[in-house]
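Student: File upload16.txt follows (compact mmCIF, C-alpha atoms):
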# COMPACT_ATOMS: atom_id res chain seq x y z
CA MET H 12 -46.11 -10.88 66.87
CA ASN H 13 -47.32 -14.27 65.63
CA GLN H 14 -49.78 -15.11 68.43
CA ALA H 15 -52.75 -15.51 66.05
CA VAL H 16 -50.84 -17.93 63.82
CA ASN H 17 -52.00 -21.56 63.91
CA GLN H 18 -48.55 -23.08 63.54
CA SER H 19 -49.67 -26.71 63.34
CA ARG H 20 -52.25 -26.05 60.63
CA LEU H 21 -49.82 -24.02 58.52
CA PHE H 22 -47.14 -26.69 58.93
CA TYR H 23 -49.47 -29.52 57.90
CA ALA H 24 -50.66 -27.43 54.95
CA SER H 25 -47.03 -26.97 53.89
CA CYS H 26 -46.44 -30.72 54.10
CA PHE H 27 -49.47 -31.47 51.89
CA ALA H 28 -48.24 -28.85 49.41
CA LEU H 29 -44.88 -30.64 49.25
CA ILE H 30 -46.68 -33.98 48.87
CA THR H 31 -48.41 -32.43 45.84
CA THR H 32 -44.94 -31.67 44.43
CA ALA H 33 -43.79 -35.23 45.15
CA PHE H 34 -46.91 -36.79 43.59
CA SER H 35 -46.47 -34.68 40.46
CA PHE H 36 -42.94 -36.08 40.19
CA SER H 37 -43.52 -39.78 40.92
CA ILE H 38 -46.92 -40.32 39.30
CA ARG H 39 -45.81 -38.51 36.16
CA ALA H 40 -42.73 -40.76 36.05
CA GLY H 41 -45.02 -43.77 36.40
CA ILE H 42 -47.23 -42.82 33.43
CA LEU H 43 -44.38 -41.76 31.13
CA ALA H 44 -44.48 -44.92 29.03
CA GLN H 45 -48.29 -44.75 28.73
CA LEU H 46 -48.13 -41.13 27.59
CA GLY H 47 -45.59 -42.02 24.93
CA THR H 48 -47.70 -44.89 23.61
CA GLU H 49 -51.17 -43.32 23.70
CA LEU H 50 -50.16 -39.89 22.38
CA SER H 51 -47.44 -41.16 20.00
CA LEU H 52 -44.66 -39.18 21.64
CA SER H 53 -40.94 -39.86 21.14
CA ALA H 54 -38.56 -40.16 24.08
CA GLU H 55 -37.13 -36.76 23.17
CA GLN H 56 -40.62 -35.21 23.30
CA LEU H 57 -41.21 -36.88 26.67
CA GLY H 58 -37.90 -35.37 27.75
CA PHE H 59 -39.06 -31.87 26.82
CA ILE H 60 -42.31 -32.46 28.73
CA ASN H 61 -40.26 -33.56 31.77
CA SER H 62 -38.07 -30.49 31.40
CA MET H 63 -41.06 -28.16 31.85
CA TRP H 64 -41.53 -29.46 35.42
CA PHE H 65 -37.90 -28.64 36.19
CA LEU H 66 -37.99 -25.32 34.33
CA GLY H 67 -41.07 -23.86 36.03
CA PHE H 68 -39.74 -24.87 39.44
CA PRO H 69 -36.57 -22.69 39.56
CA ILE H 70 -38.20 -19.71 37.87
CA SER H 71 -40.95 -19.40 40.47
CA MET H 72 -38.67 -20.41 43.35
CA ILE H 73 -36.13 -17.67 42.66
CA ILE H 74 -38.75 -15.00 41.98
CA GLY H 75 -40.71 -16.10 45.06
CA GLY H 76 -37.57 -15.89 47.19
CA LEU H 77 -36.89 -12.35 46.00
CA VAL H 78 -40.42 -11.07 46.74
CA TYR H 79 -41.28 -13.20 49.80
CA TYR H 80 -41.21 -10.34 52.31
CA THR H 81 -42.90 -7.98 49.86
CA VAL H 82 -45.99 -9.99 48.86
CA GLY H 83 -45.96 -12.57 51.67
CA PRO H 84 -46.41 -16.37 51.76
CA LYS H 85 -50.20 -16.17 51.46
CA THR H 86 -50.09 -14.66 47.96
CA ILE H 87 -47.32 -17.02 46.84
CA MET H 88 -49.31 -20.07 47.98
CA GLN H 89 -52.44 -18.75 46.25
CA ILE H 90 -50.43 -18.62 43.02
CA ALA H 91 -49.16 -22.15 43.75
CA PHE H 92 -52.72 -23.46 44.12
CA VAL H 93 -53.96 -21.85 40.90
CA CYS H 94 -50.98 -23.23 38.96
CA HIS H 95 -51.37 -26.71 40.45
CA LEU H 96 -55.11 -26.73 39.74
CA LEU H 97 -54.76 -25.57 36.13
CA GLY H 98 -51.76 -27.80 35.49
CA ILE H 99 -53.53 -30.93 36.74
CA LEU H 100 -56.71 -30.25 34.77
CA LEU H 101 -54.84 -29.41 31.56
CA THR H 102 -52.81 -32.62 31.90
CA ILE H 103 -55.93 -34.75 32.39
CA TYR H 104 -57.62 -33.32 29.30
CA ALA H 105 -54.48 -33.04 27.17
CA GLN H 106 -54.78 -34.27 23.60
CA GLY H 107 -51.19 -33.82 22.53
CA TYR H 108 -47.66 -32.60 23.02
CA THR H 109 -48.21 -28.82 23.31
CA THR H 110 -50.87 -29.04 26.02
CA LEU H 111 -48.64 -31.35 28.06
CA LEU H 112 -45.78 -28.86 27.80
CA ILE H 113 -47.99 -26.05 29.14
CA SER H 114 -49.61 -28.11 31.88
CA THR H 115 -46.32 -29.50 33.15
CA PHE H 116 -44.79 -26.01 33.18
CA LEU H 117 -47.70 -24.75 35.31
CA ILE H 118 -47.25 -27.60 37.78
CA GLY H 119 -43.55 -26.76 37.96
CA ILE H 120 -44.38 -23.14 38.80
CA GLY H 121 -46.73 -24.30 41.55
CA ASN H 122 -44.02 -26.54 42.98
CA GLY H 123 -41.45 -23.73 42.99
CA CYS H 124 -43.90 -21.38 44.73
CA THR H 125 -44.39 -24.03 47.42
CA GLU H 126 -40.65 -24.12 48.15
CA ALA H 127 -40.35 -20.32 48.01
CA ALA H 128 -43.20 -19.78 50.48
CA CYS H 129 -43.00 -22.69 52.90
CA ASN H 130 -39.28 -22.75 53.75
CA PRO H 131 -39.08 -19.17 55.11
CA MET H 132 -42.59 -19.42 56.57
CA ILE H 133 -41.60 -22.42 58.70
CA ALA H 134 -38.38 -20.64 59.68
CA ASP H 135 -40.46 -17.64 60.80
CA MET H 136 -42.87 -19.80 62.84
CA TYR H 137 -40.23 -21.65 64.85
CA SER H 138 -36.78 -20.92 66.22
CA GLY H 139 -33.61 -22.70 67.29
CA VAL H 140 -33.62 -26.49 67.54
CA THR H 141 -37.37 -26.65 66.89
CA MET H 142 -36.99 -24.77 63.62
CA ASN H 143 -34.32 -27.19 62.38
CA LYS H 144 -36.44 -30.18 63.38
CA MET H 145 -39.55 -28.86 61.64
CA LEU H 146 -37.66 -27.94 58.47
CA ASN H 147 -36.22 -31.46 58.34
CA ARG H 148 -39.67 -32.98 58.84
CA PHE H 149 -41.06 -30.75 56.12
CA HIS H 150 -38.39 -31.79 53.61
CA MET H 151 -38.94 -35.46 54.41
CA TRP H 152 -42.18 -35.30 52.46
CA PHE H 153 -40.56 -34.90 49.07
CA PRO H 154 -38.93 -38.34 49.04
CA GLY H 155 -41.67 -39.65 51.34
CA GLY H 156 -44.37 -38.39 48.99
CA ILE H 157 -42.54 -39.93 46.04
CA VAL H 158 -42.69 -43.32 47.80
CA VAL H 159 -46.45 -43.01 48.29
CA GLY H 160 -47.02 -41.67 44.78
CA SER H 161 -44.92 -44.45 43.23
CA LEU H 162 -46.91 -47.15 45.03
CA ILE H 163 -50.20 -45.51 44.02
CA SER H 164 -49.06 -45.38 40.39
CA LEU H 165 -47.96 -49.02 40.55
CA PHE H 166 -51.30 -50.10 42.05
CA MET H 167 -53.35 -48.15 39.48
CA GLY H 168 -51.10 -48.91 36.49
CA PRO H 169 -51.04 -51.61 33.78
CA GLU H 170 -49.55 -54.25 36.08
CA ASN H 171 -52.50 -54.17 38.50
CA LEU H 172 -55.77 -52.22 38.10
CA ASN H 173 -54.83 -51.08 34.59
CA LEU H 174 -56.62 -47.76 35.02
CA PRO H 175 -56.09 -44.99 32.45
CA TRP H 176 -53.23 -42.60 33.16
CA GLN H 177 -55.73 -39.75 33.62
CA ALA H 178 -57.04 -41.48 36.77
CA GLN H 179 -53.55 -41.35 38.27
CA ILE H 180 -53.28 -37.61 37.58
CA TRP H 181 -56.58 -37.07 39.41
CA VAL H 182 -54.86 -38.43 42.55
CA ILE H 183 -52.54 -35.40 42.56
CA MET H 184 -55.64 -33.26 43.07
CA ILE H 185 -56.22 -34.77 46.55
CA PRO H 186 -53.25 -33.20 48.42
CA THR H 187 -53.75 -30.03 46.34
CA LEU H 188 -57.27 -29.51 47.67
CA ILE H 189 -56.20 -30.47 51.21
CA TYR H 190 -53.42 -27.88 51.39
CA ALA H 191 -55.72 -25.21 49.91
CA PHE H 192 -58.32 -25.97 52.59
CA LEU H 193 -55.74 -25.90 55.40
CA PHE H 194 -54.26 -22.59 54.24
CA PHE H 195 -57.67 -20.96 53.66
CA GLY H 196 -58.49 -18.16 56.11
CA GLN H 197 -55.27 -18.51 58.11
CA THR H 198 -53.07 -15.77 59.50
CA PHE H 199 -49.55 -16.14 58.18
CA PRO H 200 -46.42 -15.36 60.25
CA THR H 201 -44.49 -12.14 59.88
CA ALA H 202 -40.72 -12.01 59.45
CA LYS H 203 -38.55 -12.54 62.52
CA VAL H 204 -35.70 -10.70 60.79
CA ALA H 205 -36.41 -8.07 58.15
CA GLY H 206 -33.60 -8.28 55.60
CA SER H 207 -30.41 -8.81 57.62
CA THR H 208 -28.32 -8.75 54.40
CA SER H 209 -28.67 -6.48 51.40
CA LEU H 210 -29.07 -7.79 47.86
CA ALA H 211 -25.81 -6.07 46.94
CA SER H 212 -23.97 -8.10 49.60
CA ASN H 213 -25.73 -11.26 48.42
CA PHE H 214 -24.61 -10.76 44.83
CA GLN H 215 -21.07 -9.92 45.93
CA ALA H 216 -20.83 -13.19 47.85
CA MET H 217 -22.33 -15.11 44.92
CA LEU H 218 -19.53 -13.88 42.64
CA THR H 219 -16.80 -15.49 44.77
CA PRO H 220 -14.92 -18.51 43.30
CA LEU H 221 -16.26 -20.87 45.98
CA TYR H 222 -19.89 -20.01 45.29
CA ILE H 223 -19.40 -20.28 41.51
CA PHE H 224 -17.73 -23.68 42.02
CA MET H 225 -20.66 -24.92 44.13
CA PHE H 226 -23.08 -23.44 41.59
CA CYS H 227 -21.54 -25.67 38.90
CA CYS H 228 -21.48 -28.70 41.20
CA MET H 229 -25.16 -28.18 42.04
CA ALA H 230 -26.04 -28.57 38.38
CA LEU H 231 -24.31 -31.97 38.37
CA THR H 232 -25.64 -33.21 41.72
CA ALA H 233 -29.19 -32.40 40.66
CA ILE H 234 -29.03 -34.28 37.36
CA SER H 235 -27.21 -37.17 39.07
CA GLU H 236 -30.23 -37.47 41.39
CA PHE H 237 -33.19 -36.60 39.17
CA GLY H 238 -31.95 -37.99 35.84
CA PRO H 239 -32.07 -41.70 36.73
CA GLN H 240 -35.13 -41.22 38.98
CA GLN H 241 -37.21 -39.47 36.33
CA TRP H 242 -36.43 -42.03 33.62
CA VAL H 243 -36.40 -45.18 35.73
CA GLY H 244 -39.86 -46.26 34.53
CA LEU H 245 -38.95 -46.07 30.86
CA ILE H 246 -35.40 -47.39 31.17
CA MET H 247 -35.90 -50.23 33.67
CA SER H 248 -39.35 -51.40 32.54
CA LYS H 249 -37.83 -54.35 30.64
CA SER H 250 -35.18 -55.28 33.20
CA GLY H 251 -37.21 -57.87 35.13
CA ALA H 252 -37.62 -55.53 38.13
CA SER H 253 -40.51 -53.18 38.87
CA PRO H 254 -39.43 -49.61 38.01
CA LEU H 255 -41.90 -48.05 40.43
CA LEU H 256 -40.73 -50.31 43.25
CA ILE H 257 -37.18 -49.19 42.46
CA LEU H 258 -38.31 -45.57 42.67
CA ALA H 259 -40.14 -46.27 45.94
CA LEU H 260 -37.08 -48.04 47.39
CA VAL H 261 -34.75 -45.18 46.42
CA THR H 262 -36.96 -42.43 47.78
CA GLY H 263 -37.91 -44.42 50.88
CA LEU H 264 -34.25 -44.85 51.80
CA MET H 265 -33.70 -41.16 51.08
CA ALA H 266 -36.53 -40.15 53.41
CA VAL H 267 -35.15 -42.28 56.25
CA GLY H 268 -31.60 -41.12 55.57
CA ARG H 269 -32.55 -37.45 55.66
CA TYR H 270 -34.53 -37.89 58.86
CA PHE H 271 -31.48 -39.34 60.63
CA GLY H 272 -28.85 -37.49 58.60
CA GLY H 273 -27.74 -34.93 61.20
CA PRO H 274 -25.20 -37.14 63.04
CA ILE H 275 -23.78 -38.44 59.74
CA ILE H 276 -23.17 -34.96 58.35
CA HIS H 277 -21.71 -33.85 61.71
CA GLN H 278 -19.35 -36.84 61.77
CA LEU H 279 -18.12 -36.73 58.16
CA ASP H 280 -18.41 -32.97 57.53
CA GLN H 281 -20.30 -31.61 54.53
CA THR H 282 -17.42 -32.12 52.09
CA GLY H 283 -16.95 -35.74 53.19
CA VAL H 284 -20.66 -36.44 52.77
CA LEU H 285 -20.67 -34.92 49.27
CA LEU H 286 -17.60 -36.90 48.19
CA GLY H 287 -18.97 -40.16 49.60
CA GLY H 288 -22.32 -39.48 47.95
CA ALA H 289 -20.68 -39.01 44.56
CA VAL H 290 -18.86 -42.35 44.90
CA PHE H 291 -22.02 -44.26 45.88
CA ALA H 292 -24.07 -42.51 43.16
CA ALA H 293 -21.52 -43.49 40.49
CA ILE H 294 -21.62 -47.12 41.65
CA GLY H 295 -25.42 -47.11 41.75
CA VAL H 296 -25.89 -45.68 38.25
CA TYR H 297 -23.23 -48.04 36.86
CA LEU H 298 -25.03 -51.02 38.39
CA PHE H 299 -28.33 -49.83 36.93
CA SER H 300 -26.63 -49.80 33.52
CA SER H 301 -25.33 -53.37 33.78
CA VAL H 302 -27.66 -55.53 35.92
CA THR H 303 -31.13 -57.00 35.51
CA GLY H 304 -33.70 -58.70 37.73
CA PRO H 305 -33.38 -58.55 41.55
CA MET H 306 -29.89 -57.01 41.31
CA ALA H 307 -31.60 -53.82 40.15
CA TYR H 308 -32.81 -53.39 43.75
CA VAL H 309 -29.20 -53.64 44.97
CA ALA H 310 -28.30 -50.91 42.49
CA ALA H 311 -31.17 -48.85 43.91
CA VAL H 312 -29.71 -49.08 47.43
CA PHE H 313 -26.30 -47.82 46.29
CA PHE H 314 -27.92 -45.05 44.26
CA ALA H 315 -30.15 -43.96 47.18
CA ILE H 316 -27.20 -43.77 49.58
CA GLY H 317 -25.34 -41.72 46.99
CA VAL H 318 -27.94 -39.08 46.21
CA CYS H 319 -29.65 -38.98 49.63
CA TYR H 320 -27.74 -36.01 51.04
CA PHE H 321 -26.81 -34.17 47.84
CA TRP H 322 -29.57 -31.56 47.82
CA PRO H 323 -29.79 -30.59 51.54
CA THR H 324 -26.00 -30.70 51.98
CA MET H 325 -25.36 -28.44 48.98
CA ILE H 326 -27.86 -25.90 50.32
CA GLY H 327 -26.47 -26.27 53.85
CA PHE H 328 -22.91 -25.79 52.59
CA VAL H 329 -23.84 -22.44 51.05
CA ALA H 330 -25.69 -21.36 54.19
CA GLU H 331 -22.76 -22.22 56.46
CA ARG H 332 -19.67 -21.59 54.34
CA ILE H 333 -20.92 -18.65 52.24
CA PRO H 334 -23.33 -16.98 54.70
CA ALA H 335 -23.15 -13.55 53.06
CA SER H 336 -25.02 -14.94 50.03
CA GLY H 337 -28.10 -15.06 52.27
CA ALA H 338 -31.49 -16.49 51.33
CA LEU H 339 -30.98 -15.41 47.72
CA GLY H 340 -27.83 -17.51 47.46
CA MET H 341 -29.69 -20.59 48.69
CA SER H 342 -32.63 -19.95 46.36
CA VAL H 343 -30.36 -19.56 43.35
CA MET H 344 -28.51 -22.74 44.32
CA GLY H 345 -31.77 -24.68 44.41
CA GLY H 346 -32.90 -22.98 41.22
CA VAL H 347 -29.83 -23.99 39.24
CA GLY H 348 -30.33 -27.59 40.35
CA MET H 349 -33.82 -27.67 38.88
CA PHE H 350 -32.81 -25.65 35.81
CA SER H 351 -29.97 -28.06 35.10
CA THR H 352 -32.35 -30.99 35.32
CA SER H 353 -34.69 -29.21 32.93
CA ILE H 354 -31.93 -28.76 30.36
CA PHE H 355 -30.74 -32.36 30.57
CA GLN H 356 -34.17 -34.04 30.30
CA PRO H 357 -34.52 -33.73 26.50
CA ILE H 358 -30.82 -34.54 26.13
CA ILE H 359 -31.36 -37.82 27.98
CA GLY H 360 -34.44 -38.48 25.85
CA GLY H 361 -32.33 -37.90 22.75
CA TRP H 362 -29.74 -40.38 24.05
CA ILE H 363 -32.46 -43.01 24.38
CA ASP H 364 -33.72 -42.39 20.83
CA THR H 365 -30.16 -42.59 19.47
CA GLU H 366 -29.42 -45.80 21.35
CA ARG H 367 -32.70 -47.33 20.17
CA ALA H 368 -31.73 -46.66 16.56
CA ALA H 369 -28.23 -48.07 17.07
CA LYS H 370 -29.42 -51.20 18.87
CA SER H 371 -32.17 -51.73 16.31
CA ALA H 372 -29.62 -51.54 13.52
CA ALA H 373 -27.63 -54.19 15.38
CA GLY H 374 -30.63 -56.54 15.18
CA LEU H 375 -32.25 -56.17 18.59
CA THR H 376 -36.04 -55.98 18.85
CA GLY H 377 -38.79 -55.83 21.47
CA ASP H 378 -37.88 -55.93 25.16
CA ALA H 379 -34.23 -56.66 24.42
CA LEU H 380 -34.02 -53.49 22.34
CA GLU H 381 -35.63 -51.31 25.03
CA LEU H 382 -33.42 -52.73 27.80
CA ALA H 383 -30.19 -52.36 25.81
CA ALA H 384 -31.03 -48.78 24.80
CA GLY H 385 -31.99 -47.83 28.35
CA GLN H 386 -28.89 -49.33 29.94
CA ALA H 387 -26.61 -47.72 27.37
CA THR H 388 -28.19 -44.38 28.30
CA LEU H 389 -27.64 -45.04 32.01
CA ALA H 390 -24.00 -45.81 31.28
CA LYS H 391 -23.68 -42.29 29.84
CA MET H 392 -25.27 -40.88 33.01
CA THR H 393 -22.38 -42.21 35.11
CA THR H 394 -20.39 -39.28 33.68
CA PHE H 395 -22.17 -36.86 36.06
CA PRO H 396 -21.19 -38.47 39.41
CA ILE H 397 -17.70 -39.31 38.09
CA ILE H 398 -17.08 -35.61 37.45
CA LEU H 399 -18.40 -34.90 40.95
CA ILE H 400 -15.95 -37.36 42.51
CA VAL H 401 -13.09 -35.31 41.06
CA ALA H 402 -14.70 -31.98 42.00
CA PHE H 403 -15.58 -32.95 45.57
CA THR H 404 -12.14 -34.48 46.14
CA ALA H 405 -10.64 -31.10 45.27
CA LEU H 406 -13.23 -29.37 47.48
CA TRP H 407 -12.41 -31.67 50.42
CA PHE H 408 -8.72 -30.77 50.28
CA PHE H 409 -9.48 -27.08 49.77
CA MET H 410 -11.89 -26.83 52.70
CA ARG H 411 -9.61 -28.91 54.90
CA ASN H 412 -6.80 -26.41 54.39
CA ARG H 413 -8.97 -23.37 55.09
CA LYS H 414 -11.20 -24.87 57.79
CA VAL H 415 -9.74 -22.94 60.73
CA THR H 416 -9.67 -19.71 58.74
CA HIS H 417 -13.30 -20.23 57.73
CA VAL H 418 -14.45 -20.63 61.32
CA ASP H 419 -12.62 -17.51 62.44
CA GLU H 420 -14.06 -15.41 59.63
CA SER H 421 -17.61 -16.70 59.52
CA THR H 422 -18.61 -17.11 63.16
CA VAL H 423 -19.42 -13.44 63.67
CA ALA H 424 -21.11 -13.13 60.28
CA GLN H 425 -23.39 -16.09 60.89
CA GLN H 426 -24.70 -15.10 64.29
CA PRO H 427 -27.05 -12.25 63.26
CA GLN H 428 -28.63 -14.45 60.59
CA LEU H 429 -29.40 -17.18 63.10
As structure tokens, how would this structure be written, given the file I've shared?
Tutor:
Amino acid sequence: MNQAVNQSRLFYASCFALITTAFSFSIRAGILAQLGTELSLSAEQLGFINSMWFLGFPISMIIGGLVYYTVGPKTIMQIAFVCHLLGILLTIYAQGYTTLLISTFLIGIGNGCTEAACNPMIADMYSGVTMNKMLNRFHMWFPGGIVVGSLISLFMGPENLNLPWQAQIWVIMIPTLIYAFLFFGQTFPTAKVAGSTSLASNFQAMLTPLYIFMFCCMALTAISEFGPQQWVGLIMSKSGASPLLILALVTGLMAVGRYFGGPIIHQLDQTGVLLGGAVFAAIGVYLFSSVTGPMAYVAAVFFAIGVCYFWPTMIGFVAERIPASGALGMSVMGGVGMFSTSIFQPIIGGWIDTERAAKSAAGLTGDALELAAGQATLAKMTTFPIILIVAFTALWFFMRNRKVTHVDESTVAQQPQL
């Protein structure tokens, strides 16, 4: 059926599309302080701009997942390219707050389309062990691309070449044009399985208590991961450590951890990995809120270990333990993670503004003011992983008690979907 499909070219195109997503995340984080200064934007306004990236992502990802087998991956990736192209150009030529809101929203839509199209496309191109390997290698490029993007932003930024922030945004255009070229003129794969589960069955499974519980937990795991990462440049810029090196260290460790994560998840089980991740994430964020200088890199290691497996394990848990929710259940789970992050971005920005005012009233100024306000905000962020520790402890006991029952009930249901 898929003999005319150039699997390698489509896979590499997918990787460059995900690198575009990663660059839009890391480079934008690197220029956040410059945007605030040059365009006279408050931290709350920067938070709303950040939120557009996370808002566009789930909207297009969920819609794309629903219509994937109707319109096909080719059309979805064409929409992704147009949104990326317009979003990048509008950002470069932005003169104020409103244009940045629109441009960031467009980039978020492009990123969500990439996830909606490439995940099932890769699954349709490969099968069995090879499919799992290629999906893992594809997902490596989000943290891996963030590492590269962070280092590029550091090299081009005020500490080195001191190039304008617009020059850094132009860099995002490079993987965008590469993936468009690689996708151009290609034959895309057709579905291996045409709708093994109905939407009615999906929705029924998504209304179960376990799915609703994981839905709520996904909102917290996402903000535990993306909250500190997105604001690290602004918060840690006065700590005596390089914020972009912290971001590169965190995402680099995440990339390596995900590449070799299979045996760890097999050994500890999904619930054990989630609980351990919440503990390490809480320690990491707490250390970020209380240390300065080289110790910030130690905090980054704890934080990276904590959040490394959150996203893939949450999606994998739904796929394995709630299989009747199907592809829609996984798409919605990813969508709520991004939507949650979108909601919390301006809230975090507001926390920073409030802490600045409080610390200023206490007599702090300059770098000391920025550091104190940022660390006070990070201290508030420890609330997210602390709640998760309680939630995942309960989940661990619950799943332990129903483990045998789950296997007996789900084995038959999972086989047709595999």
Student: Name the residues in contact with Lys249 of chain H at a cut-off of 10 Å, using only C-alpha atoms, excluding same-chain residues fewer than 5 positions from it; report them as a list of chain:residue names.
Tutor: H:Gly244, H:Pro254, H:Thr303, H:Gly304, H:Gly377, H:Asp378, H:Ala379, H:Leu380, H:Glu381, H:Leu382, H:Ala383, H:Gly385
Student: Near segment 273-281 of chain H, within 8 Å and counting all atoms listed in the file, which residues show up once chain neighbours fewer than 4 positions away are dropped, as a list in words?
Tutor: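 So the residues in contact are Arg269, Leu285, Thr324 and Phe328 of chain H.
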Student: Just want the 7 Å neighbourhood of segment 171-180 of chain H, counted on all atoms listed in the file, with same-chain residues fewer than 4 positions away dropped. Output as JSON, numbers by chain.
Tutor: {"H": [38, 42, 45, 99, 103, 164, 166, 167]}
Student: Between H:Ala368, H:Leu46, H:Leu188, H:Ile60, which is the closest to Val93 of chain H once you count all atoms listed in the file?
Tutor: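 Checking each candidate against Val93 of chain H, we get H:Leu188 as the closest.
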Student: Rank H:Val158, H:Ala330, H:Ile294, H:Ile234 by their smallest atom-to-atom distance to Phe395 of chain H, using all atoms listed in the file, and report the top residue only.
Tutor: H:Ile234
Student: I want to know what sits within 7 Å of Thr115 of chain H, based on all atoms listed in the file, with residues of the same chain fewer than 6 positions away left out; could you give that as a list of chain:residue names?
Tutor: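 Near Thr115 of chain H, the qualifying residues are H:Ile60, H:Met63, H:Trp64, H:Gly98.
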Student: Counting all atoms listed in the file, what is within 10 Å of segment 27-32 of chain H, bar same-chain residues fewer than 4 positions away, as an MDAnalysis selection string?
Tutor: chainID H and resid 21:23 36:37 64 68 88 91:92 95 118:119 121:126 129 149:157 159:160 182:191 193:194
Student: Atom CA of Gly374 of chain H and atom CA of Gly295 of chain H, how far apart in Å?
Tutor: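 If I compute the distance from atom CA of Gly295 of chain H to atom CA of Gly374 of chain H, I get 28.7 Å.
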Student: Using all atoms listed in the file, which of the listed residues (H:Ala259, H:Ala33, H:Ala266, H:Val318) sits closest to Thr232 of chain H?
Tutor: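 With all atoms listed in the file as the atom set, the closest residue is H:Val318.
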Student: Which of these, H:Ala40, H:Gly107, H:Ala233, H:Phe214, has the shortest distance to Val347 of chain H once you count only C-alpha atoms?
Tutor: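 Looking only at the distances to Val347 of chain H, the closest residue turns out to be H:Ala233.
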Student: Could you check the closest approach to Ser161 of chain H for each of H:Tyr308, H:Phe34, H:Phe237, H:Trp242 and tell me which residue wins, using all atoms listed in the file?
Tutor: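 Ranked by minimum distance to Ser161 of chain H, first place goes to H:Phe34.
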Student: Using only C-alpha atoms, which residue out of H:Leu77, H:Leu231, H:Met145, H:Leu97 lies closest to Phe350 of chain H?
Tutor: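 Among the listed residues, H:Leu231 lies closest to Phe350 of chain H.
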